[in-house]
>>> print(open('upload_1.txt').read())   # compact mmCIF, C-alpha atoms
# COMPACT_ATOMS: atom_id res chain seq x y z
CA PRO A 1 -0.01 -10.97 15.57
CA ALA A 2 1.75 -12.66 12.62
CA VAL A 3 4.18 -9.75 12.21
CA LEU A 4 5.05 -9.54 15.90
CA GLY A 5 7.44 -12.52 15.90
CA THR A 6 10.58 -10.40 16.30
CA THR A 7 8.95 -8.46 19.12
CA TYR A 8 8.09 -11.68 20.96
CA LEU A 9 11.61 -12.98 20.39
CA GLU A 10 13.22 -9.77 21.59
CA THR A 11 11.11 -9.81 24.74
CA SER A 12 11.85 -13.46 25.47
CA VAL A 13 15.61 -13.04 24.94
CA ASN A 14 16.30 -9.88 26.92
CA GLY A 15 13.11 -9.48 28.97
CA ASP A 16 12.52 -5.92 27.80
CA ASP A 17 9.42 -4.65 26.10
CA PRO A 18 10.67 -3.31 22.72
CA GLN A 19 10.18 0.40 22.19
CA PRO A 20 8.83 2.00 19.00
CA LYS A 21 11.54 2.57 16.41
CA GLY A 22 9.62 4.72 13.96
CA ASN A 23 10.96 4.42 10.43
CA HIS A 24 14.48 3.60 11.58
CA TYR A 25 16.01 0.19 10.99
CA PRO A 26 19.31 -0.95 12.52
CA ALA A 27 20.50 -2.57 9.26
CA ALA A 28 20.02 0.39 6.90
CA ALA A 29 20.80 4.10 6.73
CA PRO A 30 19.31 6.14 5.28
CA HIS A 31 16.08 4.30 5.94
CA GLY A 32 12.80 6.16 6.09
CA CYS A 33 9.91 7.90 4.46
CA TYR A 34 10.95 11.24 3.01
CA ARG A 35 8.84 14.19 1.87
CA CYS A 36 9.08 14.95 -1.83
CA GLN A 37 8.01 17.78 -4.10
CA GLY A 38 4.24 18.30 -4.26
CA GLU A 39 1.27 18.11 -1.93
CA ASP A 40 1.68 15.24 0.57
CA ARG A 41 4.05 13.25 -1.67
CA TRP A 42 6.54 10.84 -0.10
CA CYS A 43 9.12 8.23 -1.04
CA VAL A 44 10.61 5.47 1.09
CA ILE A 45 14.35 4.88 0.78
CA SER A 46 16.56 2.20 2.31
CA ALA A 47 20.33 1.94 1.77
CA ARG A 48 21.32 -1.35 3.38
CA ASP A 49 25.02 -1.52 2.65
CA ASP A 50 27.98 0.56 1.53
CA GLU A 51 27.36 -0.21 -2.14
CA GLU A 52 23.80 1.14 -1.97
CA TRP A 53 25.02 4.10 0.06
CA SER A 54 27.63 4.94 -2.60
CA ALA A 55 25.00 4.65 -5.33
CA PHE A 56 22.67 6.91 -3.33
CA CYS A 57 25.42 9.53 -2.99
CA ARG A 58 26.11 9.44 -6.75
CA VAL A 59 22.41 9.89 -7.56
CA ILE A 60 22.04 12.94 -5.31
CA GLY A 61 25.29 14.45 -6.64
CA ARG A 62 27.08 14.18 -3.30
CA ALA A 63 29.91 11.70 -3.90
CA ASP A 64 31.80 13.57 -1.15
CA LEU A 65 29.51 11.99 1.45
CA VAL A 66 30.95 8.51 0.78
CA SER A 67 34.24 9.48 2.46
CA ASP A 68 32.65 11.77 5.08
CA ALA A 69 33.63 10.33 8.50
CA ARG A 70 30.03 10.73 9.73
CA PHE A 71 28.77 8.39 7.01
CA VAL A 72 31.76 6.19 6.11
CA ASN A 73 30.02 2.94 7.13
CA LEU A 74 26.62 1.74 8.33
CA GLN A 75 27.42 2.19 12.02
CA ALA A 76 28.60 5.76 11.42
CA ARG A 77 25.48 6.52 9.37
CA LEU A 78 23.28 5.11 12.13
CA SER A 79 25.12 7.24 14.72
CA HIS A 80 24.51 10.36 12.61
CA ARG A 81 21.02 9.43 11.48
CA ALA A 82 19.47 12.87 12.15
CA GLU A 83 22.09 14.65 10.03
CA LEU A 84 21.77 12.02 7.32
CA ASP A 85 17.97 12.27 7.27
CA GLY A 86 18.31 16.05 6.87
CA ILE A 87 20.56 15.61 3.82
CA VAL A 88 18.22 13.04 2.29
CA GLN A 89 15.16 15.21 2.98
CA GLN A 90 16.79 18.26 1.40
CA TRP A 91 17.36 16.27 -1.81
CA THR A 92 13.96 14.52 -1.95
CA GLU A 93 12.02 17.75 -1.43
CA ALA A 94 13.43 19.07 -4.71
CA TRP A 95 12.04 16.16 -6.77
CA PRO A 96 8.66 14.54 -7.47
CA ALA A 97 8.34 11.23 -5.59
CA GLU A 98 8.19 9.22 -8.82
CA GLU A 99 11.45 10.77 -10.01
CA VAL A 100 13.15 10.06 -6.66
CA MET A 101 12.05 6.43 -6.90
CA THR A 102 13.09 6.03 -10.54
CA GLN A 103 16.53 7.60 -10.08
CA LEU A 104 17.30 5.50 -7.02
CA GLN A 105 15.93 2.22 -8.35
CA THR A 106 17.89 2.69 -11.58
CA ALA A 107 21.04 3.01 -9.46
CA GLY A 108 20.18 -0.09 -7.41
CA VAL A 109 18.95 1.68 -4.27
CA PRO A 110 15.67 0.37 -2.83
CA ALA A 111 13.04 3.12 -3.05
CA GLY A 112 9.30 3.34 -3.58
CA VAL A 113 6.65 6.00 -3.85
CA VAL A 114 4.11 6.12 -1.05
CA GLN A 115 1.02 5.78 -3.18
CA THR A 116 -2.32 7.46 -2.62
CA GLY A 117 -5.59 5.77 -3.52
CA ALA A 118 -5.58 7.66 -6.82
CA ASP A 119 -2.02 6.45 -7.51
CA LEU A 120 -3.05 2.85 -6.86
CA LEU A 121 -5.92 3.09 -9.34
CA GLN A 122 -3.42 4.14 -12.03
CA ASP A 123 -0.64 1.70 -11.04
CA ALA A 124 0.51 -0.16 -14.17
CA GLN A 125 1.56 -3.29 -12.27
CA LEU A 126 -1.77 -3.56 -10.43
CA ARG A 127 -3.56 -3.10 -13.75
CA HIS A 128 -1.38 -5.77 -15.36
CA ARG A 129 -2.26 -8.22 -12.59
CA ASN A 130 -6.01 -7.45 -12.84
CA TYR A 131 -6.02 -6.31 -9.24
CA PHE A 132 -9.20 -4.27 -9.66
CA SER A 133 -12.58 -5.77 -10.38
CA PRO A 134 -14.80 -3.40 -12.38
CA PHE A 135 -18.55 -3.05 -11.86
CA ALA A 136 -20.18 -1.15 -14.70
CA ASP A 137 -23.71 -1.31 -13.32
CA SER A 138 -24.50 -0.36 -9.74
CA LEU A 139 -26.78 1.99 -7.87
CA ILE A 140 -23.91 4.46 -7.53
CA GLY A 141 -22.62 4.12 -11.09
CA PRO A 142 -19.51 2.39 -12.41
CA PHE A 143 -16.68 1.72 -9.95
CA GLU A 144 -13.85 -0.70 -9.17
CA ILE A 145 -12.88 -2.60 -6.03
CA PRO A 146 -9.57 -4.32 -5.21
CA ARG A 147 -9.29 -8.07 -5.50
CA SER A 148 -6.97 -10.31 -3.52
CA GLY A 149 -3.32 -9.29 -3.76
CA PHE A 150 -2.28 -12.94 -4.12
CA LEU A 151 -2.53 -14.91 -7.35
CA PHE A 152 -1.66 -18.60 -7.15
CA ARG A 153 -0.72 -20.65 -10.20
CA GLY A 154 -3.37 -23.22 -11.05
CA MET A 155 -6.09 -21.58 -8.98
CA ASN A 156 -8.84 -19.51 -10.54
CA GLU A 157 -10.31 -16.78 -8.43
CA GLU A 158 -14.09 -16.66 -8.32
CA PRO A 159 -15.44 -13.58 -10.08
CA LEU A 160 -16.41 -10.87 -7.63
CA ARG A 161 -20.03 -9.82 -7.64
CA LEU A 162 -22.05 -7.19 -5.90
CA PRO A 163 -24.76 -8.21 -3.47
CA ASN A 164 -28.25 -8.40 -4.92
CA ARG A 165 -30.12 -5.14 -5.11
CA LEU A 166 -32.69 -4.31 -2.46
CA GLY A 167 -35.80 -6.41 -3.04
CA ALA A 168 -34.22 -8.79 -5.58
CA ASP A 169 -34.70 -11.75 -3.23
CA ASN A 170 -38.23 -10.88 -2.09
CA ASP A 171 -40.04 -13.63 -4.04
CA PRO A 172 -37.93 -16.60 -2.90
CA ILE A 173 -37.83 -15.38 0.70
CA LEU A 174 -41.55 -14.68 0.91
CA SER A 175 -42.66 -17.82 -0.93
CA GLU A 176 -40.07 -20.49 -0.12
CA LEU A 177 -39.01 -19.44 3.37
CA LEU A 178 -42.13 -17.75 4.71
CA GLY A 179 -44.76 -19.69 2.76
CA TYR A 180 -46.76 -16.86 1.15
CA ASP A 181 -48.49 -17.64 -2.15
CA LEU A 182 -47.61 -15.78 -5.35
CA ALA A 183 -51.02 -14.01 -5.47
CA THR A 184 -50.42 -12.41 -2.06
CA ILE A 185 -46.90 -11.35 -3.03
CA GLU A 186 -48.22 -9.80 -6.27
CA GLN A 187 -50.97 -7.98 -4.33
CA TRP A 188 -48.34 -6.49 -2.00
CA ARG A 189 -46.38 -5.36 -5.03
CA GLN A 190 -49.48 -3.62 -6.49
CA GLU A 191 -50.13 -1.98 -3.12
CA GLU A 192 -46.47 -0.82 -3.23
CA ILE A 193 -45.67 -2.66 -0.02
CA LEU A 194 -42.93 -4.40 -2.03
CA THR A 195 -40.77 -2.99 -4.77
>>> encode(input="upload_1.txt", output="structure tokens")
Amino acid sequence: PAVLGTTYLETSVNGDDPQPKGNHYPAAAPHGCYRCQGEDRWCVISARDDEEWSAFCRVIGRADLVSDARFVNLQARLSHRAELDGIVQQWTEAWPAEEVMTQLQTAGVPAGVVQTGADLLQDAQLRHRNYFSPFADSLIGPFEIPRSGFLFRGMNEEPLRLPNRLGADNDPILSELLGYDLATIEQWRQEEILT
């Protein structure tokens, strides 16, 4: 619900129920998620103004597109979005997603790789921010889980811990909560009723 504010506003202003827009955005073109070289590899790209559009054209080696009447300004690019997406897609498919992102970001064009779970585990920025909490000892072996994505200055995050192993809380539950004596609990352990 927190991200639906613009939808509520649009409905209240014009009375229409907003329709899905997909990856398109009325303030940027190109704007979308484009297939790149490799198995299921993608990069998002968003050129929000003429300066970013010109930089995009230089990066892809198509400076001629800057003066092309179909793409001369944002409104023209939005009107010819399908053709533009085809040009972008043709370029991105020839490059690995990381290379697309790096080339565009270096030129000042917003772009980012769509990361897989494996990519996230190797992400240098997430590693730098200690985003993953490692657990060396578990029933399934060593593994990591993500922590909160937010770090606030002056606040220490409690260390993450795994739940107790099965049976670890037997003694306090049986004695303190249920009132069994320690001799009975030990007898159950010898009879292999408890672990």
>>> atom_distance(input="upload_1.txt", atom1="atom CA of A:Gly15", atom2="atom CA of A:Leu78")
24.5 Å
>>> closest_atom_pairs(input="upload_1.txt", of="stretch 63-149 of chain A", to="stretch 160-166 of chain A", cutoff="12 Å", atoms="all atoms listed in the file", output="CSV")
residue,atom,partner,partner_atom,distance
A:Tyr131,CA,A:Leu160,CA,11.5
A:Phe132,CA,A:Leu160,CA,10.0
A:Ser133,CA,A:Leu160,CA,6.9
A:Pro134,CA,A:Leu160,CA,9.0
A:Phe135,CA,A:Leu162,CA,8.1
A:Ala136,CA,A:Leu162,CA,10.8
A:Asp137,CA,A:Leu162,CA,9.6
A:Ser138,CA,A:Leu162,CA,8.2
A:Leu139,CA,A:Arg165,CA,8.3
A:Ile140,CA,A:Arg165,CA,11.7
A:Pro142,CA,A:Leu162,CA,11.9
A:Phe143,CA,A:Leu162,CA,11.2
A:Glu144,CA,A:Leu160,CA,10.6
A:Ile145,CA,A:Leu160,CA,9.1
A:Pro146,CA,A:Leu160,CA,9.8
A:Arg147,CA,A:Leu160,CA,7.9
A:Ser148,CA,A:Leu160,CA,10.3
>>> residues_near_point(input="upload_1.txt", point="(9.7, 8.6, 0.0)", cutoff="9 Å", atoms="only C-alpha atoms", output="MDAnalysis selection string")
chainID A and resid 32:36 41:45 92 97:98 100:101 111:114
>>> atom_distance(input="upload_1.txt", atom1="atom CA of A:Pro18", atom2="atom CA of A:Leu4")
10.8 Å
>>> closest_residue(input="upload_1.txt", among="A:Leu104, A:Asp64, A:His24, A:Gln122", to="A:Ser79", atoms="all atoms listed in the file")
A:His24
>>> atom_distance(input="upload_1.txt", atom1="atom CA of A:Gly5", atom2="atom CA of A:Ala47")
24.0 Å
>>> closest_residue(input="upload_1.txt", among="A:Pro20, A:Gly149, A:Pro159, A:Gly141", to="A:Arg129", atoms="all atoms listed in the file")
A:Gly149
>>> residues_around(input="upload_1.txt", residues="stretch 56-62 of chain A", least_positions_apart="4", cutoff="8 Å", atoms="all atoms listed in the file", output="NGL selection string")
:A and (47 or 52 or 66 or 91 or 103-104 or 107 or 109)
>>> write_last_selection(input="upload_1.txt", atoms="C-alpha atoms", output="tab-separated table (two decimals), in the frame of the given file")
chain	number	residue	atom	x	y	z
A	47	ALA	CA	20.33	1.94	1.77
A	52	GLU	CA	23.80	1.14	-1.97
A	66	VAL	CA	30.95	8.51	0.78
A	91	TRP	CA	17.36	16.27	-1.81
A	103	GLN	CA	16.53	7.60	-10.08
A	104	LEU	CA	17.30	5.50	-7.02
A	107	ALA	CA	21.04	3.01	-9.46
A	109	VAL	CA	18.95	1.68	-4.27
>>> closest_residue(input="upload_1.txt", among="A:Pro26, A:Asp40, A:Asn73, A:Tyr8", to="A:Gln115", atoms="only C-alpha atoms")
A:Asp40
>>> closest_residue(input="upload_1.txt", among="A:Ala27, A:Ala63, A:Ala82, A:Ala55", to="A:Thr106", atoms="all atoms listed in the file")
A:Ala55
>>> closest_residue(input="upload_1.txt", among="A:Asp68, A:Glu157, A:Glu10, A:Asp171", to="A:Glu186", atoms="only C-alpha atoms")
A:Asp171
>>> residues_around(input="upload_1.txt", residues="A:Val72", least_positions_apart="4", cutoff="10 Å", atoms="only C-alpha atoms", output="list in words")
Asp50, Trp53, Ser54, Leu65, Val66, Ser67, Asp68, Ala76 and Arg77 of chain A
>>> build_atoms(input="upload_1.txt", residues="stretch 150-179 of chain A", atoms="N, CA and C atoms", output="compact mmCIF listing (two decimals), keeping the file's coordinate frame")
# COMPACT_ATOMS: atom_id res chain seq x y z
N PHE A 150 -3.02 -11.71 -3.85
CA PHE A 150 -2.28 -12.94 -4.12
C PHE A 150 -2.92 -13.69 -5.29
N LEU A 151 -2.10 -14.08 -6.24
CA LEU A 151 -2.53 -14.91 -7.35
C LEU A 151 -1.70 -16.19 -7.31
N PHE A 152 -2.37 -17.33 -7.23
CA PHE A 152 -1.66 -18.60 -7.15
C PHE A 152 -1.81 -19.35 -8.47
N ARG A 153 -0.71 -19.90 -8.96
CA ARG A 153 -0.72 -20.65 -10.20
C ARG A 153 -1.65 -21.85 -10.05
N GLY A 154 -2.47 -22.07 -11.06
CA GLY A 154 -3.37 -23.22 -11.05
C GLY A 154 -4.67 -23.01 -10.29
N MET A 155 -4.84 -21.87 -9.71
CA MET A 155 -6.09 -21.58 -8.98
C MET A 155 -6.79 -20.41 -9.66
N ASN A 156 -8.05 -20.59 -9.97
CA ASN A 156 -8.84 -19.51 -10.54
C ASN A 156 -9.63 -18.85 -9.44
N GLU A 157 -9.57 -17.55 -9.43
CA GLU A 157 -10.31 -16.78 -8.43
C GLU A 157 -11.75 -16.63 -8.90
N GLU A 158 -12.68 -16.85 -8.00
CA GLU A 158 -14.09 -16.66 -8.32
C GLU A 158 -14.32 -15.20 -8.72
N PRO A 159 -15.15 -14.97 -9.73
CA PRO A 159 -15.44 -13.58 -10.08
C PRO A 159 -16.15 -12.88 -8.92
N LEU A 160 -15.75 -11.64 -8.68
CA LEU A 160 -16.41 -10.87 -7.63
C LEU A 160 -17.77 -10.41 -8.15
N ARG A 161 -18.72 -10.34 -7.25
CA ARG A 161 -20.03 -9.82 -7.64
C ARG A 161 -20.60 -8.99 -6.51
N LEU A 162 -21.40 -8.04 -6.89
CA LEU A 162 -22.05 -7.19 -5.90
C LEU A 162 -23.21 -7.95 -5.26
N PRO A 163 -23.57 -7.59 -4.06
CA PRO A 163 -24.76 -8.21 -3.47
C PRO A 163 -26.00 -7.86 -4.30
N ASN A 164 -27.01 -8.68 -4.19
CA ASN A 164 -28.25 -8.40 -4.92
C ASN A 164 -28.83 -7.06 -4.49
N ARG A 165 -29.49 -6.42 -5.42
CA ARG A 165 -30.12 -5.14 -5.11
C ARG A 165 -31.27 -5.33 -4.14
N LEU A 166 -31.61 -4.27 -3.44
CA LEU A 166 -32.69 -4.31 -2.46
C LEU A 166 -33.98 -4.82 -3.12
N GLY A 167 -34.54 -5.85 -2.55
CA GLY A 167 -35.80 -6.41 -3.04
C GLY A 167 -35.64 -7.53 -4.05
N ALA A 168 -34.43 -7.76 -4.55
CA ALA A 168 -34.22 -8.79 -5.58
C ALA A 168 -34.55 -10.19 -5.07
N ASP A 169 -34.46 -10.42 -3.80
CA ASP A 169 -34.70 -11.75 -3.23
C ASP A 169 -36.07 -11.86 -2.54
N ASN A 170 -36.92 -10.87 -2.76
CA ASN A 170 -38.23 -10.88 -2.09
C ASN A 170 -39.04 -12.14 -2.39
N ASP A 171 -39.18 -12.50 -3.67
CA ASP A 171 -40.04 -13.63 -4.04
C ASP A 171 -39.59 -14.94 -3.40
N PRO A 172 -38.32 -15.34 -3.53
CA PRO A 172 -37.93 -16.60 -2.90
C PRO A 172 -38.05 -16.58 -1.37
N ILE A 173 -37.73 -15.46 -0.76
CA ILE A 173 -37.83 -15.38 0.70
C ILE A 173 -39.28 -15.48 1.15
N LEU A 174 -40.14 -14.68 0.50
CA LEU A 174 -41.55 -14.68 0.91
C LEU A 174 -42.26 -15.99 0.59
N SER A 175 -41.95 -16.59 -0.56
CA SER A 175 -42.66 -17.82 -0.93
C SER A 175 -42.01 -19.07 -0.34
N GLU A 176 -40.73 -19.25 -0.55
CA GLU A 176 -40.07 -20.49 -0.12
C GLU A 176 -39.80 -20.54 1.37
N LEU A 177 -39.34 -19.43 1.95
CA LEU A 177 -39.01 -19.44 3.37
C LEU A 177 -40.22 -19.14 4.27
N LEU A 178 -41.03 -18.17 3.84
CA LEU A 178 -42.13 -17.75 4.71
C LEU A 178 -43.48 -18.32 4.31
N GLY A 179 -43.55 -18.96 3.14
CA GLY A 179 -44.76 -19.69 2.76
C GLY A 179 -45.90 -18.87 2.18
